[in-house]
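Trainee: As input, take entry.txt (compact mmCIF, C-alpha atoms):
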```
# COMPACT_ATOMS: atom_id res chain seq x y z
CA MET A 1 92.29 49.71 81.84
CA ASN A 2 93.45 52.97 83.37
CA PRO A 3 96.49 54.16 81.39
CA VAL A 4 98.72 57.00 82.53
CA ILE A 5 101.82 58.73 81.23
CA GLY A 6 104.32 60.31 83.61
CA LEU A 7 106.40 63.26 82.42
CA ASP A 8 109.48 64.33 84.34
CA VAL A 9 109.82 67.87 83.02
CA SER A 10 113.11 69.77 82.91
CA LYS A 11 114.39 72.74 80.93
CA GLY A 12 113.61 72.16 77.25
CA GLU A 13 112.87 68.42 77.50
CA SER A 14 110.89 65.75 79.34
CA GLN A 15 111.35 62.09 80.22
CA VAL A 16 108.31 59.98 79.29
CA GLN A 17 107.10 56.78 81.00
CA ALA A 18 103.78 55.01 80.41
CA PHE A 19 101.68 52.52 82.42
CA LEU A 20 98.78 50.64 80.81
CA ASP A 21 97.33 49.92 84.26
CA LYS A 22 98.48 49.67 87.85
CA GLY A 23 101.73 47.67 87.98
CA LYS A 24 101.91 47.40 84.17
CA PRO A 25 104.62 49.68 82.76
CA TYR A 26 104.62 50.06 78.99
CA ARG A 27 107.89 50.17 77.07
CA LYS A 28 111.07 51.84 78.28
CA SER A 29 111.10 55.51 79.11
CA PHE A 30 112.40 57.93 76.51
CA SER A 31 113.16 61.64 76.23
CA ILE A 32 111.46 64.28 74.10
CA LYS A 33 112.40 67.87 73.31
CA HIS A 34 109.94 70.71 73.88
CA ASP A 35 109.82 71.58 70.19
CA THR A 36 107.46 70.77 67.34
CA GLU A 37 109.15 67.47 66.53
CA GLY A 38 109.40 66.35 70.16
CA LEU A 39 105.80 67.20 71.01
CA GLY A 40 104.70 65.49 67.80
CA SER A 41 106.42 62.27 68.93
CA LEU A 42 104.66 62.63 72.31
CA LEU A 43 101.30 62.82 70.53
CA GLU A 44 102.13 59.66 68.56
CA PHE A 45 103.01 57.89 71.81
CA LEU A 46 99.78 59.06 73.46
CA GLN A 47 97.81 57.65 70.51
CA GLU A 48 99.81 54.41 70.68
CA VAL A 49 99.00 53.95 74.38
CA GLU A 50 95.35 54.73 73.68
CA SER A 51 95.14 52.07 70.96
CA SER A 52 96.91 49.55 73.25
CA THR A 53 94.22 50.01 75.89
CA ASP A 54 91.21 49.60 73.59
CA GLY A 55 90.55 53.31 73.21
CA HIS A 56 91.12 54.44 76.80
CA GLN A 57 92.68 57.89 76.65
CA PRO A 58 95.70 58.11 78.97
CA SER A 59 95.96 60.79 81.63
CA VAL A 60 99.22 62.71 81.83
CA VAL A 61 100.92 63.38 85.19
CA LEU A 62 103.66 65.96 85.57
CA GLU A 63 105.18 68.15 88.27
CA SER A 64 104.76 71.89 88.53
CA THR A 65 108.20 73.16 87.50
CA GLY A 66 108.03 76.93 87.40
CA HIS A 67 107.56 77.78 83.71
CA TYR A 68 109.34 74.80 82.10
CA HIS A 69 106.15 72.75 81.82
CA TYR A 70 104.15 75.47 80.02
CA PRO A 71 104.91 74.24 76.44
CA VAL A 72 103.73 70.73 77.38
CA ILE A 73 100.61 72.07 79.12
CA GLN A 74 99.63 74.19 76.14
CA PHE A 75 100.21 71.26 73.79
CA LEU A 76 98.06 68.91 75.90
CA GLU A 77 95.26 71.47 76.07
CA GLU A 78 95.32 71.91 72.30
CA GLN A 79 95.11 68.13 71.85
CA ASN A 80 92.34 67.83 74.51
CA TYR A 81 94.21 65.42 76.79
CA VAL A 82 93.51 65.26 80.53
CA TYR A 83 96.55 66.27 82.56
CA ILE A 84 97.35 66.46 86.25
CA VAL A 85 99.85 68.98 87.63
CA VAL A 86 101.32 67.60 90.86
CA ASN A 87 102.75 69.69 93.67
CA PRO A 88 106.49 68.86 93.89
CA LEU A 89 106.12 68.28 97.64
CA ILE A 90 103.67 65.43 96.99
CA SER A 91 105.80 63.80 94.29
CA HIS A 92 108.95 64.15 96.41
CA ARG A 93 107.21 62.37 99.27
CA ALA A 94 106.31 59.50 96.92
CA LYS A 95 109.88 59.24 95.63
CA SER A 96 111.25 59.19 99.18
CA SER A 97 109.13 56.18 100.13
CA SER A 98 111.68 53.83 98.54
CA LEU A 99 114.69 52.62 100.56
CA ARG A 100 116.94 52.85 97.52
CA LYS A 101 118.43 56.25 96.85
CA VAL A 102 118.16 56.61 93.08
CA LYS A 103 117.63 59.92 91.30
CA THR A 104 117.29 59.89 87.51
CA ASP A 105 114.75 61.41 85.15
CA ALA A 106 113.58 57.93 84.12
CA VAL A 107 113.00 56.89 87.74
CA ASP A 108 111.17 60.16 88.48
CA ALA A 109 108.82 59.63 85.51
CA TYR A 110 108.21 56.05 86.73
CA HIS A 111 107.37 57.31 90.24
CA LEU A 112 104.89 59.83 88.83
CA CYS A 113 102.99 56.97 87.16
CA GLU A 114 102.94 55.01 90.43
CA LEU A 115 101.74 58.11 92.27
CA PHE A 116 98.75 58.30 89.90
CA TYR A 117 97.48 54.93 91.21
CA LYS A 118 98.31 55.60 94.89
CA GLU A 119 96.85 59.07 95.33
CA GLU A 120 93.47 60.55 94.46
CA LEU A 121 94.77 63.11 92.00
CA GLU A 122 92.33 65.49 90.37
CA PRO A 123 92.66 66.68 86.76
CA TYR A 124 94.00 70.19 86.45
CA LYS A 125 91.20 72.75 86.34
CA LYS A 126 91.84 75.58 83.96
CA ARG A 127 91.97 79.05 85.45
CA GLY A 128 90.76 80.61 82.25
CA ILE A 129 92.61 82.79 79.79
CA GLN A 130 91.50 85.99 81.54
CA LEU A 131 92.85 84.94 84.93
CA LEU A 132 96.13 83.69 83.47
CA ASN A 133 96.60 86.96 81.60
CA LEU A 134 95.81 88.89 84.75
CA ARG A 135 98.27 86.81 86.77
CA ASN A 136 101.03 87.41 84.23
CA LEU A 137 100.38 91.15 84.31
CA THR A 138 100.25 91.46 88.12
CA ARG A 139 103.44 89.43 88.51
CA GLN A 140 105.20 91.56 85.91
CA GLN A 141 103.95 94.66 87.70
CA GLU A 142 105.41 93.41 90.96
CA SER A 143 108.76 92.58 89.34
CA ILE A 144 109.08 96.01 87.70
CA ALA A 145 108.01 97.75 90.92
CA GLU A 146 110.76 95.92 92.84
CA VAL A 147 113.41 96.98 90.32
CA SER A 148 112.06 100.54 90.30
CA ALA A 149 112.28 100.68 94.10
CA GLN A 150 115.93 99.61 93.99
CA ILE A 151 116.74 102.31 91.41
CA LYS A 152 114.99 104.93 93.56
CA ILE A 153 117.20 103.94 96.50
CA GLN A 154 120.29 104.38 94.30
CA LEU A 155 119.00 107.75 93.09
CA HIS A 156 118.32 108.85 96.66
CA THR A 157 121.87 107.88 97.68
CA LEU A 158 123.44 109.64 94.71
CA LEU A 159 121.39 112.79 95.26
CA ASP A 160 122.93 113.03 98.75
CA GLN A 161 126.32 113.33 97.02
CA VAL A 162 125.29 115.88 94.38
CA PHE A 163 122.27 117.98 95.41
CA PRO A 164 120.85 116.92 98.83
CA GLU A 165 118.88 120.15 99.31
CA TYR A 166 116.81 119.42 96.18
CA ARG A 167 114.52 117.05 98.09
CA GLY A 168 112.55 119.90 99.69
CA VAL A 169 111.69 121.70 96.47
CA PHE A 170 108.71 119.57 95.38
CA GLY A 171 106.20 117.68 97.48
CA SER A 172 107.33 114.37 96.02
CA LEU A 173 110.86 113.80 94.80
CA TYR A 174 109.64 111.12 92.39
CA SER A 175 106.80 113.06 90.76
CA LYS A 176 107.21 113.49 87.03
CA VAL A 177 107.67 117.27 87.19
CA SER A 178 110.25 116.90 89.98
CA LEU A 179 112.31 114.33 88.07
CA LEU A 180 112.17 116.32 84.82
CA THR A 181 113.24 119.47 86.68
CA LEU A 182 116.13 117.53 88.21
CA LEU A 183 117.16 116.44 84.71
CA ALA A 184 117.25 120.08 83.61
CA PHE A 185 118.98 121.37 86.77
CA PRO A 186 120.95 118.50 88.35
CA THR A 187 123.44 120.68 90.28
CA SER A 188 123.66 123.96 92.16
CA GLU A 189 125.85 125.29 89.40
CA ALA A 190 123.19 124.55 86.78
CA VAL A 191 120.51 126.27 88.86
CA LEU A 192 122.51 129.39 89.71
CA SER A 193 123.68 129.83 86.12
CA ALA A 194 120.05 130.31 85.03
CA SER A 195 117.77 133.23 85.89
CA GLU A 196 114.64 132.92 88.00
CA LYS A 197 112.55 133.69 84.92
CA GLU A 198 114.20 130.90 82.90
CA ILE A 199 113.68 128.36 85.69
CA THR A 200 110.05 129.44 86.12
CA LYS A 201 109.41 129.06 82.41
CA LYS A 202 110.98 125.59 82.38
CA ILE A 203 108.95 124.34 85.36
CA ALA A 204 105.74 125.84 83.91
CA SER A 205 106.34 123.96 80.64
CA LEU A 206 106.74 120.69 82.55
CA CYS A 207 103.45 121.08 84.43
CA MET A 208 100.85 122.81 82.25
CA SER A 209 98.04 122.14 84.74
CA ARG A 210 99.62 124.46 87.34
CA SER A 211 99.62 128.26 87.42
CA ASP A 212 102.59 130.50 86.67
CA GLU A 213 102.57 131.57 90.32
CA TRP A 214 103.09 127.98 91.42
CA ALA A 215 105.95 127.55 88.94
CA ASN A 216 107.57 130.79 90.17
CA GLU A 217 107.29 129.64 93.78
CA LYS A 218 109.04 126.36 92.92
CA ALA A 219 111.72 128.27 91.00
CA LYS A 220 112.44 130.40 94.06
CA ARG A 221 112.60 127.33 96.29
CA LEU A 222 114.97 125.66 93.84
CA ILE A 223 117.29 128.67 93.85
CA GLU A 224 117.22 128.78 97.66
CA ALA A 225 118.05 125.06 97.76
CA ALA A 226 120.96 125.61 95.38
CA LEU A 227 122.35 128.36 97.60
CA ARG A 228 122.14 126.10 100.68
CA ASN A 229 123.58 123.07 98.90
CA PRO A 230 126.99 122.01 100.33
CA PHE A 231 128.18 120.84 96.89
CA GLN A 232 128.51 124.15 95.04
CA ASN A 233 131.12 122.66 92.69
CA ASN A 234 130.90 118.93 91.94
CA LEU A 235 134.34 117.39 91.58
CA TYR A 236 133.03 114.04 90.36
CA GLN A 237 131.46 114.28 86.90
CA SER A 238 130.68 110.56 87.12
CA ASN A 239 128.09 111.33 89.83
CA ILE A 240 126.32 113.82 87.55
CA PHE A 241 126.34 111.32 84.68
CA ASN A 242 124.95 108.55 86.92
CA LEU A 243 122.31 110.91 88.35
CA ASP A 244 121.07 111.70 84.84
CA LEU A 245 120.98 107.99 84.01
CA LEU A 246 119.08 107.01 87.16
CA VAL A 247 116.49 109.78 86.78
CA LYS A 248 115.77 108.63 83.22
CA LEU A 249 115.46 105.01 84.41
CA VAL A 250 112.97 105.97 87.13
CA LEU A 251 110.90 107.88 84.57
CA GLN A 252 110.94 104.90 82.21
CA TYR A 253 109.86 102.47 84.92
CA GLN A 254 107.08 104.82 86.00
CA GLU A 255 105.82 104.87 82.42
CA HIS A 256 105.96 101.05 82.19
CA LEU A 257 104.12 100.67 85.51
CA SER A 258 101.47 103.13 84.37
CA LYS A 259 100.87 101.15 81.16
CA ILE A 260 100.66 97.85 83.06
CA ALA A 261 98.22 99.38 85.58
CA VAL A 262 95.92 100.51 82.72
CA GLU A 263 96.10 97.04 81.14
CA ILE A 264 95.37 95.31 84.46
CA ASP A 265 92.43 97.59 85.19
CA ALA A 266 90.92 97.05 81.72
CA LEU A 267 91.28 93.27 82.00
CA ALA A 268 90.15 92.99 85.62
CA LYS A 269 86.98 95.04 85.07
CA GLU A 270 85.67 92.21 82.89
CA ILE A 271 86.00 89.73 85.78
CA GLU A 272 83.13 89.56 88.28
CA GLU A 273 85.34 88.45 91.18
CA TYR A 274 87.37 91.65 90.85
CA HIS A 275 84.39 93.78 91.85
CA ILE A 276 83.30 91.35 94.59
CA LEU A 277 86.67 91.52 96.33
CA GLN A 278 86.71 95.31 96.25
CA SER A 279 83.52 95.32 98.32
CA ILE A 280 85.68 94.18 101.27
CA PRO A 281 87.00 97.30 103.07
CA GLY A 282 90.78 97.43 102.79
CA ILE A 283 90.99 95.74 99.38
CA GLY A 284 91.64 98.12 96.51
CA GLU A 285 92.13 97.60 92.79
CA LYS A 286 95.75 96.42 92.88
CA ILE A 287 95.28 94.00 95.78
CA ALA A 288 92.02 92.65 94.32
CA ALA A 289 93.67 91.97 90.95
CA THR A 290 96.57 90.16 92.62
CA ILE A 291 94.32 88.02 94.83
CA ILE A 292 91.99 86.80 92.08
CA SER A 293 94.86 86.16 89.66
CA GLU A 294 96.77 84.08 92.21
CA ILE A 295 93.72 82.16 93.46
CA GLY A 296 92.35 81.47 90.00
CA GLU A 297 88.97 79.80 89.79
CA ILE A 298 87.47 79.35 93.24
CA ASP A 299 85.87 76.07 92.13
CA ARG A 300 89.31 74.48 92.41
CA PHE A 301 88.82 74.48 96.20
CA ASP A 302 86.22 72.32 97.93
CA ASN A 303 86.31 74.33 101.14
CA ALA A 304 87.89 77.39 102.71
CA LYS A 305 90.56 75.34 104.51
CA LYS A 306 91.99 74.24 101.16
CA LEU A 307 92.20 77.87 100.08
CA VAL A 308 94.00 78.70 103.35
CA ALA A 309 96.45 75.84 102.73
CA PHE A 310 96.99 77.02 99.13
CA SER A 311 97.87 80.45 100.49
CA GLY A 312 100.38 78.93 102.91
CA VAL A 313 98.95 80.56 106.05
CA ASP A 314 97.80 77.33 107.68
CA PRO A 315 99.76 76.43 110.85
CA SER A 316 102.25 73.58 110.67
CA VAL A 317 101.63 70.76 113.16
CA PHE A 318 104.34 68.76 114.90
CA SER A 319 103.44 66.01 117.32
CA SER A 320 105.39 62.88 118.25
CA GLY A 321 104.55 60.55 121.12
CA LYS A 322 103.70 62.61 124.17
CA PHE A 323 105.24 65.75 122.69
CA THR A 324 103.14 68.32 120.89
CA ALA A 325 104.75 71.54 119.73
CA SER A 326 103.16 74.64 121.23
CA VAL A 327 104.74 77.08 118.75
CA ASN A 328 103.64 76.35 115.19
CA ARG A 329 104.71 78.56 112.31
CA ILE A 330 102.68 78.90 109.13
CA THR A 331 103.66 76.50 106.34
CA LYS A 332 104.44 79.18 103.69
CA ARG A 333 103.98 76.48 101.04
CA GLY A 334 101.57 78.40 98.87
CA SER A 335 101.80 81.51 96.73
CA SER A 336 104.07 84.13 98.33
CA ARG A 337 102.48 86.85 96.16
CA LEU A 338 99.05 85.90 97.44
CA ARG A 339 100.26 85.98 101.06
CA HIS A 340 101.78 89.42 100.56
CA ALA A 341 98.56 90.79 99.00
CA LEU A 342 96.46 89.36 101.84
CA TYR A 343 98.85 90.80 104.44
CA MET A 344 98.56 94.24 102.84
CA ALA A 345 94.77 93.92 102.72
CA VAL A 346 94.66 93.16 106.46
CA GLN A 347 97.04 96.01 107.26
CA SER A 348 94.80 98.39 105.31
CA GLY A 349 91.59 96.98 106.78
CA ILE A 350 92.55 97.26 110.45
CA ARG A 351 94.09 100.71 110.05
CA ASP A 352 92.11 103.64 111.43
CA ALA A 353 90.21 105.73 108.92
CA ARG A 354 89.65 109.46 109.30
CA LYS A 355 87.69 110.69 112.26
CA LYS A 356 84.05 111.55 111.77
CA LYS A 357 83.41 115.28 111.62
CA THR A 358 80.80 115.23 114.38
CA THR A 359 82.67 113.08 116.93
CA ASP A 360 86.19 112.18 117.98
CA GLU A 361 85.51 108.49 117.41
CA ILE A 362 87.98 106.71 115.13
CA ILE A 363 86.44 104.19 112.76
CA ALA A 364 88.52 101.39 111.22
CA ARG A 365 88.21 100.79 107.49
CA ASN A 366 87.04 97.23 108.12
CA LYS A 367 85.25 97.25 111.47
CA ARG A 368 84.63 93.51 111.62
CA LEU A 369 88.26 92.71 110.88
CA ARG A 370 89.48 95.31 113.38
CA GLU A 371 87.27 93.84 116.11
CA PHE A 372 88.69 90.38 115.39
CA TYR A 373 92.25 91.78 115.46
CA ASP A 374 91.63 93.59 118.77
CA LYS A 375 90.19 90.40 120.25
CA LYS A 376 93.34 88.45 119.35
CA ARG A 377 95.56 91.17 120.80
CA GLU A 378 93.54 91.17 124.04
CA GLU A 379 94.11 87.42 124.23
CA GLY A 380 97.84 88.18 124.37
CA LYS A 381 98.67 87.29 120.76
CA PRO A 382 101.71 89.07 119.28
CA PHE A 383 101.13 91.48 116.40
CA ARG A 384 102.21 89.10 113.63
CA VAL A 385 100.18 86.21 115.05
CA ALA A 386 97.10 88.43 115.24
CA VAL A 387 97.61 89.62 111.65
CA ILE A 388 97.98 86.04 110.35
CA ALA A 389 94.76 85.14 112.18
CA CYS A 390 93.11 88.06 110.37
CA VAL A 391 94.50 86.80 107.04
CA ASN A 392 92.94 83.41 107.78
CA LYS A 393 89.62 85.08 108.60
CA LEU A 394 89.83 87.20 105.44
CA LEU A 395 90.41 84.09 103.30
CA HIS A 396 87.28 82.47 104.72
CA TRP A 397 85.32 85.61 103.79
CA ILE A 398 86.82 85.65 100.30
CA TYR A 399 85.94 81.99 99.79
CA ALA A 400 82.33 82.54 100.90
CA LEU A 401 81.88 85.65 98.76
CA LEU A 402 83.37 84.14 95.60
CA LYS A 403 81.38 80.92 96.01
CA SER A 404 78.09 82.73 96.55
CA LYS A 405 78.96 85.64 94.21
CA THR A 406 77.77 88.21 96.72
CA ILE A 407 79.35 91.38 98.03
CA PHE A 408 80.69 91.99 101.52
CA GLN A 409 78.29 93.56 103.98
CA ASP A 410 80.17 95.37 106.74
CA ILE A 411 78.37 95.65 110.04
CA ALA A 412 78.46 99.17 111.45
```
Written as structure tokens, that's how I'd like the structure from this file.
Mentor:
Amino acid sequence: MNPVIGLDVSKGESQVQAFLDKGKPYRKSFSIKHDTEGLGSLLEFLQEVESSTDGHQPSVVLESTGHYHYPVIQFLEEQNYVYIVVNPLISHRAKSSSLRKVKTDAVDAYHLCELFYKEELEPYKKRGIQLLNLRNLTRQQESIAEVSAQIKIQLHTLLDQVFPEYRGVFGSLYSKVSLLTLLAFPTSEAVLSASEKEITKKIASLCMSRSDEWANEKAKRLIEAALRNPFQNNLYQSNIFNLDLLVKLVLQYQEHLSKIAVEIDALAKEIEEYHILQSIPGIGEKIAATIISEIGEIDRFDNAKKLVAFSGVDPSVFSSGKFTASVNRITKRGSSRLRHALYMAVQSGIRDARKKKTTDEIIARNKRLREFYDKKREEGKPFRVAVIACVNKLLHWIYALLKSKTIFQDIA
């Protein structure tokens, strides 16, 4: 006997269907809620199926559904049941094999059970608590960074309508001392109503690590900017209010991102793969943390090609009869966050580093990767095609290093 239970997961509930063996469905399907009572009834049903098959513990098959399946997964792990998380593309293909066009939760759960006997599905391999925590943190970091970038664009636009000359006062508009100074002196009127000594004192209090001379220089530049500013008198008080609000939001998001970065660094330092990936030129702390958290345990992949496919950078293939497509785009069916991190790693790796002091020769950060990129460009490959080829090459290196637990040795 080879029992299986198919779960069609949706928001807050799942449809349950059981098979005692191939072609032997057990009872009618039923629905459970993702709460204590519903999961308790699922456990009773699992035990019932197990007793009906002379002690054979049933496997559980379910689709990956964003975050809706997490309560079920955690419950199954706590109860030590084997579960298989199926890619929706695979389950959709199985459902589409029937000529009848029927779409219900009960039918989907039934098809998942049939898929268990048709395909060689492997039990889900845990990524480990550390990697899951790291993935959650890096994804949250990315989400907050995206929102922060949008707010900065709004702030930049609004500053053009209130105090455009302010941007040249500090080296970085979005440094903490710059934003706090802008909070204190948001308009030309606010700057010119204060003395140079008062402005110097305020800037010095915001940046204790700098000298009074530096603060005085910034105060003078701020006054000069206020005198040049085309908006000497702001007619729209709403702009000043919104400017104050946006500056405070940017400061808050910077603080949140700083806290997340510290948490990620502390967690990632305990993971061996984090240090291995950083041995590859072009991969820093942030990219390394994202890559290992998205890949998970490297043992999930039997070979490098499966890792490439998981990343979604494998070329799609289309061939029918005598026709074979000559232009094949990448599948993009894997983790988009992983692809973005790999793309940034390649961009950093092939970029020229500083010149050596003794010669005019320019050395790339990752010489081996740059040589491979240059070779593809010499073959006539467009920039994006050459970069994707480098991403593929980088993934093969990552797979080899993580499998062997060795560091990258760049050839000079």
Trainee: Do you know which residues are at most 12 Å from A:Val391 counting only C-alpha atoms, after dropping those on the same chain fewer than 4 positions away, and could you put them as a ChimeraX atom specification?
Mentor: /A:307-309,311-314,330,338-350,369-370,372-373,384-387,395-398
Trainee: So, counting all atoms listed in the file, which residue among A:Leu7, A:Val49, A:Leu134, A:Leu43 is closest to A:Thr65?
Mentor: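 Closest candidate: A:Leu7.
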Trainee: Do a neighbour search on A:Ser279 at 8 Å with all atoms listed in the file, toss out local chain neighbours closer than 3 positions, and write the hits as a list in words.
Mentor: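 These residues fall inside the cut-off: His275, Ile276, Ile283, Ile407, Phe408 and Gln409 of chain A.
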Trainee: From the set A:Lys248, A:Pro3, A:Pro88, A:Leu401, which residue has the shortest atom-to-atom contact distance to A:Gln278, counting all atoms listed in the file?
Mentor: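 Checking each candidate against A:Gln278, we get A:Leu401 as the closest.
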Trainee: Could you list as a PyMOL selection string every residue that has an atom within 12 Å of (102.7, 74.2, 80.7), using the file's coordinates and counting only C-alpha atoms?
Mentor: chain A and resi 7+9-12+14+34+61-78+83-85+124+126+132
Trainee: Write out as number ranges by chain which residues come within 12 Å of A:Glu142 when counting only C-alpha atoms, dropping same-chain ones fewer than 6 positions away.
Mentor: A: 135-136, 148-149, 253, 256-257, 260-261, 286-287, 289-290, 336-338, 340-341
Trainee: The selected residues should be written to file as an mmCIF file, in the coordinates of the input (atoms: C-alpha atoms).
Mentor:
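Writing done, so here's again-v6.cif:
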```cif
data_model
loop_
_atom_site.group_PDB
_atom_site.id
_atom_site.type_symbol
_atom_site.label_atom_id
_atom_site.label_comp_id
_atom_site.auth_asym_id
_atom_site.auth_seq_id
_atom_site.Cartn_x
_atom_site.Cartn_y
_atom_site.Cartn_z
ATOM 1 C CA ARG A 135 98.270 86.810 86.770
ATOM 2 C CA ASN A 136 101.030 87.410 84.230
ATOM 3 C CA SER A 148 112.060 100.540 90.300
ATOM 4 C CA ALA A 149 112.280 100.680 94.100
ATOM 5 C CA TYR A 253 109.860 102.470 84.920
ATOM 6 C CA HIS A 256 105.960 101.050 82.190
ATOM 7 C CA LEU A 257 104.120 100.670 85.510
ATOM 8 C CA ILE A 260 100.660 97.850 83.060
ATOM 9 C CA ALA A 261 98.220 99.380 85.580
ATOM 10 C CA LYS A 286 95.750 96.420 92.880
ATOM 11 C CA ILE A 287 95.280 94.000 95.780
ATOM 12 C CA ALA A 289 93.670 91.970 90.950
ATOM 13 C CA THR A 290 96.570 90.160 92.620
ATOM 14 C CA SER A 336 104.070 84.130 98.330
ATOM 15 C CA ARG A 337 102.480 86.850 96.160
ATOM 16 C CA LEU A 338 99.050 85.900 97.440
ATOM 17 C CA HIS A 340 101.780 89.420 100.560
ATOM 18 C CA ALA A 341 98.560 90.790 99.000
#
```
Trainee: Find the residues around A:Ser59 up to 12 Å (all atoms listed in the file counted), leave out those fewer than 5 positions away in its own chain, and share them as an MDAnalysis selection string.
Mentor: chainID A and resid 1:7 17:21 46:47 49:50 76 80:85 112:113 116:117 121:124
Trainee: Emit the selected residues as an mmCIF file, in the frame of the given file, including C-alpha atoms.
Mentor:
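Listed below is the output, result_26.cif:
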```cif
data_model
loop_
_atom_site.group_PDB
_atom_site.id
_atom_site.type_symbol
_atom_site.label_atom_id
_atom_site.label_comp_id
_atom_site.auth_asym_id
_atom_site.auth_seq_id
_atom_site.Cartn_x
_atom_site.Cartn_y
_atom_site.Cartn_z
ATOM 1 C CA MET A 1 92.290 49.710 81.840
ATOM 2 C CA ASN A 2 93.450 52.970 83.370
ATOM 3 C CA PRO A 3 96.490 54.160 81.390
ATOM 4 C CA VAL A 4 98.720 57.000 82.530
ATOM 5 C CA ILE A 5 101.820 58.730 81.230
ATOM 6 C CA GLY A 6 104.320 60.310 83.610
ATOM 7 C CA LEU A 7 106.400 63.260 82.420
ATOM 8 C CA GLN A 17 107.100 56.780 81.000
ATOM 9 C CA ALA A 18 103.780 55.010 80.410
ATOM 10 C CA PHE A 19 101.680 52.520 82.420
ATOM 11 C CA LEU A 20 98.780 50.640 80.810
ATOM 12 C CA ASP A 21 97.330 49.920 84.260
ATOM 13 C CA LEU A 46 99.780 59.060 73.460
ATOM 14 C CA GLN A 47 97.810 57.650 70.510
ATOM 15 C CA VAL A 49 99.000 53.950 74.380
ATOM 16 C CA GLU A 50 95.350 54.730 73.680
ATOM 17 C CA LEU A 76 98.060 68.910 75.900
ATOM 18 C CA ASN A 80 92.340 67.830 74.510
ATOM 19 C CA TYR A 81 94.210 65.420 76.790
ATOM 20 C CA VAL A 82 93.510 65.260 80.530
ATOM 21 C CA TYR A 83 96.550 66.270 82.560
ATOM 22 C CA ILE A 84 97.350 66.460 86.250
ATOM 23 C CA VAL A 85 99.850 68.980 87.630
ATOM 24 C CA LEU A 112 104.890 59.830 88.830
ATOM 25 C CA CYS A 113 102.990 56.970 87.160
ATOM 26 C CA PHE A 116 98.750 58.300 89.900
ATOM 27 C CA TYR A 117 97.480 54.930 91.210
ATOM 28 C CA LEU A 121 94.770 63.110 92.000
ATOM 29 C CA GLU A 122 92.330 65.490 90.370
ATOM 30 C CA PRO A 123 92.660 66.680 86.760
ATOM 31 C CA TYR A 124 94.000 70.190 86.450
#
```
Trainee: Quick one: everything within 12 Å of A:Asn229, counting only C-alpha atoms, minus sequence neighbours fewer than 6 positions away in the same chain. Send it as a VMD selection string.
Mentor: chain A and resid 159 to 168 186 to 189 191 to 192 222 to 223
Trainee: Which one of A:Glu198, A:Phe383, A:Val16, A:Phe310 sits closest to A:Ser41 if you count all atoms listed in the file?
Mentor: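 Going through A:Glu198, A:Phe383, A:Val16, A:Phe310 one by one, the smallest distance to A:Ser41 is for A:Val16.
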Trainee: Tell me which of A:Pro58, A:Pro230, A:Pro281, A:Gly171 sits closest to A:Arg365, counting only C-alpha atoms.
Mentor: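 Residue with the minimum atom-to-atom distance to A:Arg365: A:Pro281.
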Trainee: What is the atom CA of A:Ser205-atom CA of A:Ser178 distance in Å, reported with one decimal?
Mentor: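 Going from atom CA of A:Ser205 over to atom CA of A:Ser178, I get 12.3 Å.
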Trainee: How many Å lie between atom CA of A:Tyr174 and atom CA of A:Glu255, rounded to one decimal?
Mentor: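 Separation of atom CA of A:Tyr174 and atom CA of A:Glu255: 12.4 Å.
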Trainee: Using Å and a single decimal, report how far atom CA of A:Thr181 sits from atom CA of A:Asn239.
Mentor: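 Interatomic distance here is 17.2 Å.
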Trainee: Which of these, A:Lys376, A:Lys22, A:Arg368, A:Arg300, has the shortest distance to A:Leu115 once you count only C-alpha atoms?
Mentor: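 Comparing A:Lys376, A:Lys22, A:Arg368, A:Arg300 against A:Leu115, the winner is A:Lys22.
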